[in-house]
Structure formats: structure tokens, C-alpha cells
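Enquirer: The file below is input.txt, compact mmCIF, C-alpha atoms and all ligand atoms:
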```txt
# COMPACT_ATOMS: atom_id res chain seq x y z
CA MET A 10 9.54 -10.68 12.92
CA ARG A 11 9.78 -7.17 14.36
CA VAL A 12 9.71 -4.10 12.08
CA THR A 13 10.15 -0.45 13.05
CA LEU A 14 8.65 2.01 10.57
CA PHE A 15 9.74 5.65 10.42
CA GLY A 16 7.28 7.79 8.43
CA ALA A 17 4.19 5.75 9.34
CA THR A 18 1.97 8.84 8.90
CA GLY A 19 3.14 9.61 5.34
CA LEU A 20 1.65 8.75 1.96
CA LEU A 21 3.61 5.50 1.77
CA GLY A 22 3.73 4.82 5.51
CA GLN A 23 -0.06 4.74 5.81
CA GLU A 24 -0.14 1.93 3.23
CA LEU A 25 2.79 0.09 4.78
CA VAL A 26 0.97 -0.24 8.11
CA PRO A 27 -1.80 -2.55 6.76
CA ALA A 28 0.61 -4.25 4.34
CA LEU A 29 2.80 -5.23 7.30
CA ARG A 30 0.01 -6.94 9.24
CA GLY A 31 1.39 -10.15 10.66
CA VAL A 32 4.66 -8.61 11.87
CA GLU A 33 5.27 -7.02 15.23
CA LEU A 34 5.20 -3.41 14.05
CA THR A 35 6.38 -0.22 15.73
CA THR A 36 5.03 2.85 13.90
CA LEU A 37 6.66 6.25 14.25
CA SER A 38 5.79 9.79 13.15
CA SER A 39 8.00 12.86 13.52
CA ARG A 40 6.38 13.45 16.93
CA ASP A 41 7.40 10.02 18.17
CA ALA A 42 10.98 10.35 16.95
CA ASP A 43 12.49 13.23 15.01
CA LEU A 44 15.18 11.87 12.69
CA ARG A 45 17.34 14.88 13.63
CA ASP A 46 17.55 13.72 17.24
CA PRO A 47 20.11 10.88 17.33
CA ALA A 48 19.51 10.06 21.01
CA ARG A 49 15.76 9.67 20.46
CA VAL A 50 16.31 7.61 17.29
CA GLU A 51 18.69 5.35 19.21
CA GLU A 52 16.19 5.07 22.06
CA VAL A 53 13.20 4.02 19.91
CA ILE A 54 15.29 1.50 18.01
CA GLY A 55 16.82 0.20 21.25
CA ASN A 56 13.32 -0.20 22.71
CA SER A 57 11.73 -1.87 19.66
CA ARG A 58 14.72 -4.16 18.85
CA PRO A 59 13.65 -4.62 15.21
CA ASP A 60 14.81 -7.20 12.72
CA TRP A 61 14.09 -4.61 10.01
CA ILE A 62 13.86 -0.82 10.05
CA ILE A 63 11.96 0.82 7.19
CA LEU A 64 12.93 4.46 6.77
CA ALA A 65 10.02 6.02 4.86
CA ALA A 66 10.28 9.35 6.71
CA ALA A 67 11.74 12.32 4.88
CA TYR A 68 11.39 16.01 4.14
CA THR A 69 9.65 15.44 0.79
CA ASP A 70 8.75 18.97 -0.35
CA VAL A 71 11.05 19.10 -3.39
CA ASP A 72 10.64 22.86 -3.95
CA GLY A 73 10.75 23.58 -0.21
CA CYS A 74 14.14 21.83 0.00
CA GLU A 75 15.63 24.48 -2.35
CA LYS A 76 14.83 27.21 0.20
CA ASN A 77 15.58 25.09 3.26
CA ARG A 78 18.80 23.34 2.28
CA GLU A 79 20.02 22.96 5.87
CA LEU A 80 16.75 21.42 7.07
CA ALA A 81 16.65 19.11 4.01
CA PHE A 82 20.14 17.78 4.75
CA ALA A 83 19.45 17.54 8.49
CA VAL A 84 16.40 15.31 7.94
CA ASN A 85 17.16 13.39 4.75
CA HIS A 86 20.93 12.96 5.03
CA GLN A 87 21.97 13.28 8.68
CA GLY A 88 18.64 11.79 9.81
CA ALA A 89 19.26 8.70 7.68
CA ILE A 90 22.78 8.42 9.11
CA ASN A 91 21.32 8.62 12.64
CA VAL A 92 18.99 5.72 11.84
CA ALA A 93 21.78 3.70 10.19
CA ARG A 94 24.01 4.13 13.25
CA ALA A 95 21.24 2.93 15.56
CA ALA A 96 20.47 0.02 13.19
CA ARG A 97 24.10 -1.03 13.28
CA ALA A 98 24.13 -0.90 17.09
CA VAL A 99 21.28 -3.43 17.38
CA GLY A 100 22.16 -5.48 14.27
CA ALA A 101 18.93 -4.56 12.44
CA ARG A 102 18.51 -4.59 8.65
CA LEU A 103 17.71 -1.17 7.14
CA MET A 104 15.52 -0.32 4.16
CA PHE A 105 15.91 3.28 2.99
CA LEU A 106 13.38 4.92 0.66
CA SER A 107 15.07 6.97 -2.02
CA SER A 108 14.12 8.75 -5.20
CA ASP A 109 14.41 8.94 -8.98
CA TYR A 110 15.59 12.52 -8.41
CA VAL A 111 19.12 11.23 -7.62
CA PHE A 112 19.53 11.21 -11.43
CA ASP A 113 20.01 14.13 -13.83
CA GLY A 114 17.62 12.82 -16.47
CA VAL A 115 19.96 13.16 -19.46
CA LYS A 116 19.97 9.41 -20.17
CA SER A 117 17.70 8.43 -23.08
CA SER A 118 16.75 5.01 -21.64
CA PRO A 119 15.57 3.84 -18.19
CA TYR A 120 18.03 4.27 -15.33
CA GLU A 121 19.69 1.11 -14.01
CA THR A 122 20.61 0.82 -10.33
CA ALA A 123 24.34 1.17 -11.09
CA ASP A 124 24.00 4.41 -13.10
CA SER A 125 25.80 7.42 -11.63
CA ARG A 126 23.96 9.76 -9.36
CA ASN A 127 23.92 13.38 -10.46
CA PRO A 128 21.03 15.16 -8.76
CA LEU A 129 19.69 18.47 -10.10
CA SER A 130 17.91 19.56 -6.90
CA VAL A 131 18.69 19.91 -3.19
CA TYR A 132 16.15 17.15 -2.43
CA GLY A 133 17.87 14.84 -4.94
CA GLU A 134 21.24 15.77 -3.46
CA THR A 135 20.11 14.86 0.09
CA LYS A 136 18.91 11.45 -1.13
CA ALA A 137 22.05 10.80 -3.23
CA ARG A 138 24.41 11.69 -0.36
CA ALA A 139 22.33 9.63 2.08
CA GLU A 140 22.48 6.59 -0.25
CA GLU A 141 26.28 6.89 -0.46
CA ALA A 142 26.68 7.26 3.32
CA LEU A 143 24.37 4.33 4.09
CA LEU A 144 26.04 1.99 1.57
CA GLU A 145 29.34 2.73 3.28
CA MET A 146 28.05 2.37 6.86
CA LEU A 147 25.83 -0.68 6.29
CA PRO A 148 26.91 -2.78 3.31
CA GLY A 149 23.71 -4.86 3.64
CA VAL A 150 21.38 -1.85 3.42
CA CYS A 151 18.46 -2.08 0.99
CA ILE A 152 17.86 1.17 -0.92
CA VAL A 153 14.46 1.30 -2.62
CA ARG A 154 14.22 4.08 -5.20
CA THR A 155 10.72 5.02 -6.26
CA SER A 156 9.07 7.85 -8.20
CA TRP A 157 5.96 10.01 -8.65
CA LEU A 158 4.16 8.55 -5.63
CA PHE A 159 0.37 8.91 -5.36
CA GLY A 160 -2.19 7.55 -2.95
CA HIS A 161 -4.98 8.31 -0.54
CA GLY A 162 -2.88 9.30 2.44
CA GLY A 163 -1.90 12.84 1.49
CA LYS A 164 -1.27 15.40 -1.23
CA CYS A 165 -0.49 13.92 -4.63
CA PHE A 166 -0.66 14.76 -8.34
CA PRO A 167 -3.96 12.98 -9.20
CA ALA A 168 -5.71 14.65 -6.25
CA THR A 169 -4.45 18.06 -7.40
CA ILE A 170 -5.57 17.47 -11.01
CA LEU A 171 -9.02 16.32 -9.86
CA ARG A 172 -9.39 19.38 -7.63
CA LEU A 173 -8.24 21.84 -10.31
CA ALA A 174 -10.33 20.20 -13.03
CA ALA A 175 -13.41 20.46 -10.84
CA THR A 176 -12.69 24.01 -9.57
CA LYS A 177 -11.84 25.51 -12.95
CA ALA A 178 -14.91 23.91 -14.47
CA GLU A 179 -17.06 26.28 -12.40
CA GLY A 180 -15.69 29.30 -14.28
CA GLY A 181 -16.42 27.93 -17.77
CA ALA A 182 -14.21 25.93 -20.15
CA PRO A 183 -11.75 24.19 -17.81
CA GLN A 184 -8.18 24.09 -19.08
CA LEU A 185 -5.08 22.97 -17.18
CA SER A 186 -1.48 23.42 -18.35
CA VAL A 187 0.73 20.46 -17.50
CA VAL A 188 4.40 19.86 -18.35
CA ASN A 189 5.03 17.42 -21.17
CA ASP A 190 8.83 17.21 -21.14
CA GLN A 191 9.43 15.27 -17.90
CA ARG A 192 8.98 11.52 -18.18
CA GLY A 193 8.76 9.02 -15.31
CA SER A 194 6.65 6.29 -13.74
CA PRO A 195 3.69 7.09 -11.46
CA THR A 196 3.67 4.78 -8.44
CA PHE A 197 0.63 3.90 -6.34
CA ALA A 198 1.49 3.78 -2.62
CA PRO A 199 -0.35 0.46 -1.92
CA ASP A 200 1.49 -1.23 -4.83
CA LEU A 201 4.82 0.06 -3.53
CA ALA A 202 3.93 -1.08 0.00
CA SER A 203 3.24 -4.62 -1.29
CA ALA A 204 6.56 -4.68 -3.17
CA ILE A 205 8.38 -3.47 -0.03
CA VAL A 206 6.85 -6.22 2.10
CA ARG A 207 7.96 -8.82 -0.45
CA LEU A 208 11.48 -7.35 -0.53
CA VAL A 209 11.64 -7.63 3.27
CA GLU A 210 10.41 -11.24 3.09
CA LYS A 211 13.11 -11.97 0.53
CA ASP A 212 15.79 -10.35 2.72
CA ALA A 213 16.69 -7.98 -0.13
CA GLY A 214 19.85 -5.90 -0.15
CA GLY A 215 21.52 -3.33 -2.42
CA ILE A 216 19.71 -0.84 -4.64
CA VAL A 217 16.26 -1.80 -5.97
CA HIS A 218 14.06 0.27 -8.31
CA ALA A 219 10.36 -0.07 -7.47
CA THR A 220 7.73 1.81 -9.49
CA ASN A 221 4.51 0.89 -11.26
CA SER A 222 5.33 -0.37 -14.75
CA GLY A 223 5.19 1.81 -17.84
CA ASP A 224 6.01 5.50 -18.09
CA CYS A 225 4.49 8.79 -19.16
CA THR A 226 4.88 12.54 -18.91
CA TRP A 227 2.98 14.59 -16.31
CA TYR A 228 0.76 15.73 -19.23
CA ASP A 229 -0.04 12.09 -20.18
CA PHE A 230 -0.71 11.33 -16.51
CA ALA A 231 -3.08 14.30 -16.18
CA LYS A 232 -4.93 13.35 -19.39
CA GLU A 233 -5.43 9.79 -18.10
CA ILE A 234 -6.69 11.10 -14.73
CA VAL A 235 -9.28 13.34 -16.40
CA LYS A 236 -10.33 10.67 -18.92
CA THR A 237 -10.66 7.85 -16.37
CA SER A 238 -12.56 10.00 -13.88
CA GLY A 239 -15.00 11.21 -16.56
CA LEU A 240 -14.21 14.92 -16.09
CA THR A 241 -14.33 17.31 -19.04
CA ALA A 242 -11.25 19.49 -18.44
CA THR A 243 -8.86 20.06 -21.32
CA ILE A 244 -5.21 19.44 -20.57
CA LYS A 245 -2.73 21.64 -22.41
CA PRO A 246 0.86 20.40 -22.84
CA VAL A 247 3.51 22.94 -21.79
CA THR A 248 7.29 22.86 -21.40
CA THR A 249 9.19 23.00 -18.10
CA ALA A 250 10.61 26.35 -19.30
CA GLU A 251 7.06 27.75 -19.50
CA PHE A 252 6.24 26.46 -16.02
CA PRO A 253 9.32 27.24 -13.88
CA ARG A 254 9.56 25.78 -10.37
CA PRO A 255 12.22 26.40 -7.68
CA ALA A 256 13.71 22.88 -8.01
CA ARG A 257 15.05 21.51 -11.30
CA ARG A 258 13.65 18.09 -12.18
CA PRO A 259 15.06 15.40 -14.48
CA ALA A 260 13.62 15.20 -18.01
CA ASN A 261 13.81 11.40 -17.85
CA SER A 262 13.58 9.62 -14.53
CA ILE A 263 12.28 6.23 -15.65
CA LEU A 264 13.74 3.56 -13.35
CA SER A 265 14.50 0.19 -14.92
CA PRO A 266 12.58 -2.61 -13.16
CA ALA A 267 15.38 -5.19 -13.68
CA SER A 268 16.46 -5.06 -10.01
CA LEU A 269 12.88 -5.68 -8.82
CA HIS A 270 12.32 -8.47 -11.35
CA ALA A 271 15.52 -10.13 -10.07
CA TYR A 272 13.57 -10.73 -6.83
CA GLY A 273 10.63 -12.18 -8.80
CA ILE A 274 8.50 -9.09 -8.08
CA GLN A 275 6.42 -7.34 -10.77
CA MET A 276 4.38 -4.18 -10.26
CA PRO A 277 1.16 -3.46 -12.20
CA PRO A 278 0.95 -0.86 -15.00
CA TRP A 279 0.46 2.71 -13.72
CA GLN A 280 -2.84 3.04 -15.64
CA ASP A 281 -4.25 0.06 -13.72
CA ALA A 282 -3.00 1.57 -10.45
CA LEU A 283 -4.62 4.91 -11.32
CA ARG A 284 -7.94 3.18 -12.03
CA ARG A 285 -7.82 1.54 -8.57
CA TYR A 286 -6.93 4.90 -6.97
CA LEU A 287 -9.83 6.64 -8.73
CA GLU A 288 -12.30 3.90 -7.77
CA LYS A 289 -11.82 4.96 -4.15
CA THR A 290 -11.58 8.71 -4.78
CA PRO A 291 -14.73 10.81 -4.93
CA VAL A 292 -14.54 13.27 -7.84
CA PRO A 293 -14.73 16.75 -6.19
N1 LIG A 301 6.24 11.41 -2.75
C1 LIG A 301 6.96 11.08 -3.82
O1 LIG A 301 6.61 11.38 -4.97
C2 LIG A 301 8.26 10.32 -3.64
C3 LIG A 301 9.01 10.01 -4.78
C4 LIG A 301 10.21 9.31 -4.60
C5 LIG A 301 10.62 8.94 -3.34
N2 LIG A 301 9.87 9.27 -2.26
C6 LIG A 301 10.34 8.87 -0.93
O2 LIG A 301 9.43 7.92 -0.39
C7 LIG A 301 9.39 8.06 1.03
C8 LIG A 301 7.94 8.23 1.47
O3 LIG A 301 7.44 9.45 0.91
P1 LIG A 301 5.98 9.99 1.24
O4 LIG A 301 5.52 10.72 0.01
O5 LIG A 301 5.19 8.91 1.84
O6 LIG A 301 6.30 11.10 2.35
P2 LIG A 301 5.27 12.07 3.10
O7 LIG A 301 3.87 11.74 2.75
O8 LIG A 301 5.76 13.48 2.87
O9 LIG A 301 5.48 11.70 4.64
C9 LIG A 301 6.65 12.03 5.27
C10 LIG A 301 6.77 11.24 6.54
O10 LIG A 301 8.03 11.56 7.13
C11 LIG A 301 7.80 11.99 8.47
N3 LIG A 301 8.80 13.01 8.80
C12 LIG A 301 9.00 14.20 8.21
N4 LIG A 301 9.99 14.86 8.80
C13 LIG A 301 10.44 14.07 9.81
C14 LIG A 301 11.44 14.19 10.79
N5 LIG A 301 12.21 15.30 10.89
N6 LIG A 301 11.61 13.18 11.68
C15 LIG A 301 10.85 12.05 11.62
N7 LIG A 301 9.87 11.88 10.70
C16 LIG A 301 9.68 12.88 9.81
C17 LIG A 301 6.39 12.54 8.50
O11 LIG A 301 5.89 12.51 9.83
P3 LIG A 301 4.75 13.57 10.34
O12 LIG A 301 3.44 13.06 9.79
O13 LIG A 301 4.82 13.48 11.82
O14 LIG A 301 5.14 14.91 9.78
C18 LIG A 301 5.69 11.54 7.58
O15 LIG A 301 5.38 10.36 8.28
C19 LIG A 301 10.28 9.24 1.37
O16 LIG A 301 11.57 8.78 1.69
C20 LIG A 301 10.35 10.01 0.08
O17 LIG A 301 11.53 10.79 -0.02
C21 LIG A 301 8.68 9.95 -2.37
```
What does this structure look like when you write it as C-alpha cells?
Ligand SMILES: NC(=O)c1ccc[n+]([C@@H]2O[C@H](COP(=O)([O-])OP(=O)(O)OC[C@H]3O[C@@H](n4cnc5c(N)ncnc54)[C@H](OP(=O)(O)O)[C@@H]3O)[C@@H](O)[C@H]2O)c1
Expert:
Amino acid sequence: MRVTLFGATGLLGQELVPALRGVELTTLSSRDADLRDPARVEEVIGNSRPDWIILAAAYTDVDGCEKNRELAFAVNHQGAINVARAARAVGARLMFLSSDYVFDGVKSSPYETADSRNPLSVYGETKARAEEALLEMLPGVCIVRTSWLFGHGGKCFPATILRLAATKAEGGAPQLSVVNDQRGSPTFAPDLASAIVRLVEKDAGGIVHATNSGDCTWYDFAKEIVKTSGLTATIKPVTTAEFPRPARRPANSILSPASLHAYGIQMPPWQDALRRYLEKTPVP
């Protein structure tokens, strides 16, 4: 089997590369092929002739997208369309990585795959519009929505908490304020990479929700990071209103695992994933 991976240098992409050992893999960064360049996208896909294309490349700076709306749409929406067009030309299957931020968060239970999209942010809007366009262009597309990604291959929430907890400790009683009114599911990049490989093996199609199991608020997540790593920082719960950011985020973005379970795939609890992440992360 031949697989072409866009976003091979990202947090998820770096875990997909080893997880995809055994397939003939073409790995691409933005330097190899910018999603905004349709001719280049067509060329790399024409050259690699993949059975599957995994589109894990995106402009992922959620707050940055608010300021750079045009760039966000060019990469995440038009870029995805460019890849879908090239996939269609060579008859390749496409897996598109999407986000819990396509939802508005007002639902009081986990989001099912068929729930309506109503993004609150530009980033969420780019993903929602890309999903709609791809489903229309390629009815067999597989859309994998994930959330709160963390891992060793780049910036992520646990790394930030560890750094702040260690830095602030130098100045005396360390205390970090973390929002306690946004709930979701942290997802460890290697666990998501394994689930993606199994979805490819199972020839999955349609929308699939793939996150580590269980849910928490960012405050709960931070407390667990500090506790498990043996640091002494105090975590203070705050509201989103007290901690304003450029992009609005959903209060609830828990994704129901029913669509993943339908393929016989289970993902471990997020606390277990965090423990495995911390085992390989030196405390700063
Ligand atoms: N991070 C999260 O919490 C989260 C949550 C839900 C969904 N997702 C989705 O999951 C996927 C993987 O996210 P991630 O966190 O692994 O992303 P990431 O670490 O930010 O990596 C982004 C990747 O996209 C590539 N890229 C950026 N702009 C590009 C462009 N114009 N043309 C081609 N490639 C470009 C980057 O290449 P360079 O290294 O060359 O810049 C890099 O490989 C994305 O679709 C993201 O939207 C992420």
C-alpha cells in the first residue's frame, strides 16, 4: 500500500511516520508541498500515486487564525480542496484531520458525528467549511475529528504547564490560573496515530471521532499534569471570561466515541496517555 502524508513534520505527523511503517510512505512538509499551491499538490500526488492520502497539515494556531482569516481559509479550506481534487484525479482515498472546534459547545452531552456544525472561531469555520466541501467532492472521504492534541513533537498544553510550573516555582509559591469551564478530551498523538492506521486498514469512510477516552476541563488536565509529574505548583480554576483569548472556544467539545467503536477501535483513557507522555518527558 502507498500512503502520502501531508503534515509529516507536525505533532501528529511525527507519530504517524513510525505508525505507518510497513507501507510505502511519502512524507511532506510545507516546504515539500504548500497546500496553497494546487499545481505542486497535484504534482506530488501524481508522482507518489497513493492508495491513501492523509491530510494532517493545517494552519493550527487557533488564535492566529482570528487575525489571519485569509491565510487560515487558504490553507485549511482551499488547501484541503486542492488535495481532494488531486486525490480524485488519481483515484486515491483521502483522510482529512478535523477538529472538535467545528461545534459551538452548547450541547450538554458528547457530540455525535451527525450533529450540526456551528463553529465559534475562524479556525473552526475553516475546518467546518472544508469538511462540507470534501464530503461533496469525495463522498468516500474519511474525516477524523480529534481534540486537545498533545505529544512530543511540538508545542502542547502539558509541555506549557510543565514549563510554567517549573519557571514560576523559582519565584516562590507557584500558582497557575487555568480555565475550568471548557470541557473536552485530551488526545495523545501516538494513540491517535495508531487509531488512524487502523482506520486506514479498515478502509474507513465518513466522519469518525477519535480522541482518548474520558473528558476533563483544562483545569482538571493541568492538575493531573502537575500531580503525575510530582511538581508542587498550585492550579487555580478560572473562567474563560477571566482569561480572554482572541478565539472563542466551545464550552463542551467532548466527541462521542461511537463512530470509532463502530470500527472496533478503542482509545485508552487520557490519564493513561498522559502518564505515558510524562514518562518520556523530562520535568524542566
Ligand atoms: N493540535 C490540536 O490540538 C488539534 C486539535 C484538533 C484537530 N487538530 C488537527 O490535527 C491535524 C494535525 O495537527 P498538529 O497539531 O499535528 O499540527 P501542527 O503540529 O501544527 O503541524 C502542522 C503541519 O502542517 C504543515 N503545514 C502548515 N502549513 C502548511 C501549508 N501551507 N502547506 C503544507 N503544509 C503545511 C506543517 O509543516 P511545516 O513543519 O513545514 O510548517 C506541519 O507539518 C491538523 O489538521 C489539525 O487541524 C489538531
Enquirer: Atom CA of A:Gly31 to atom CA of A:Ala204: how many Å, to one decimal?
Expert: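 Computed distance, atom CA of A:Gly31 to atom CA of A:Ala204, equals 15.7 Å.
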Enquirer: All residues within 7 Å of ligand LIG 301 (chain A) are required, counting all atoms listed in the file; please report them as a ChimeraX atom specification.
Expert: /A:15-22,38-40,42-45,64-69,84,106-109,154-159,163
Enquirer: Give me the residues within 12 Å of stretch 111-127 of chain A as a PyMOL selection string, counting all atoms listed in the file and dropping any in the same chain fewer than 3 places off.
Expert: chain A and resi 106-108+130-141+151-156+190-194+215-220+222-224+257-269
Enquirer: What gap, in Å, lies between atom CA of A:Lys76 and atom CA of A:Glu145?
Expert: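 Distance between the two atoms: 28.6 Å.
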Enquirer: Suppose you want the space between atom CA of A:Val235 and atom CA of A:Lys164; what is it in Å?
Expert: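 Atom CA of A:Lys164 lies at a distance of 17.3 Å from atom CA of A:Val235.
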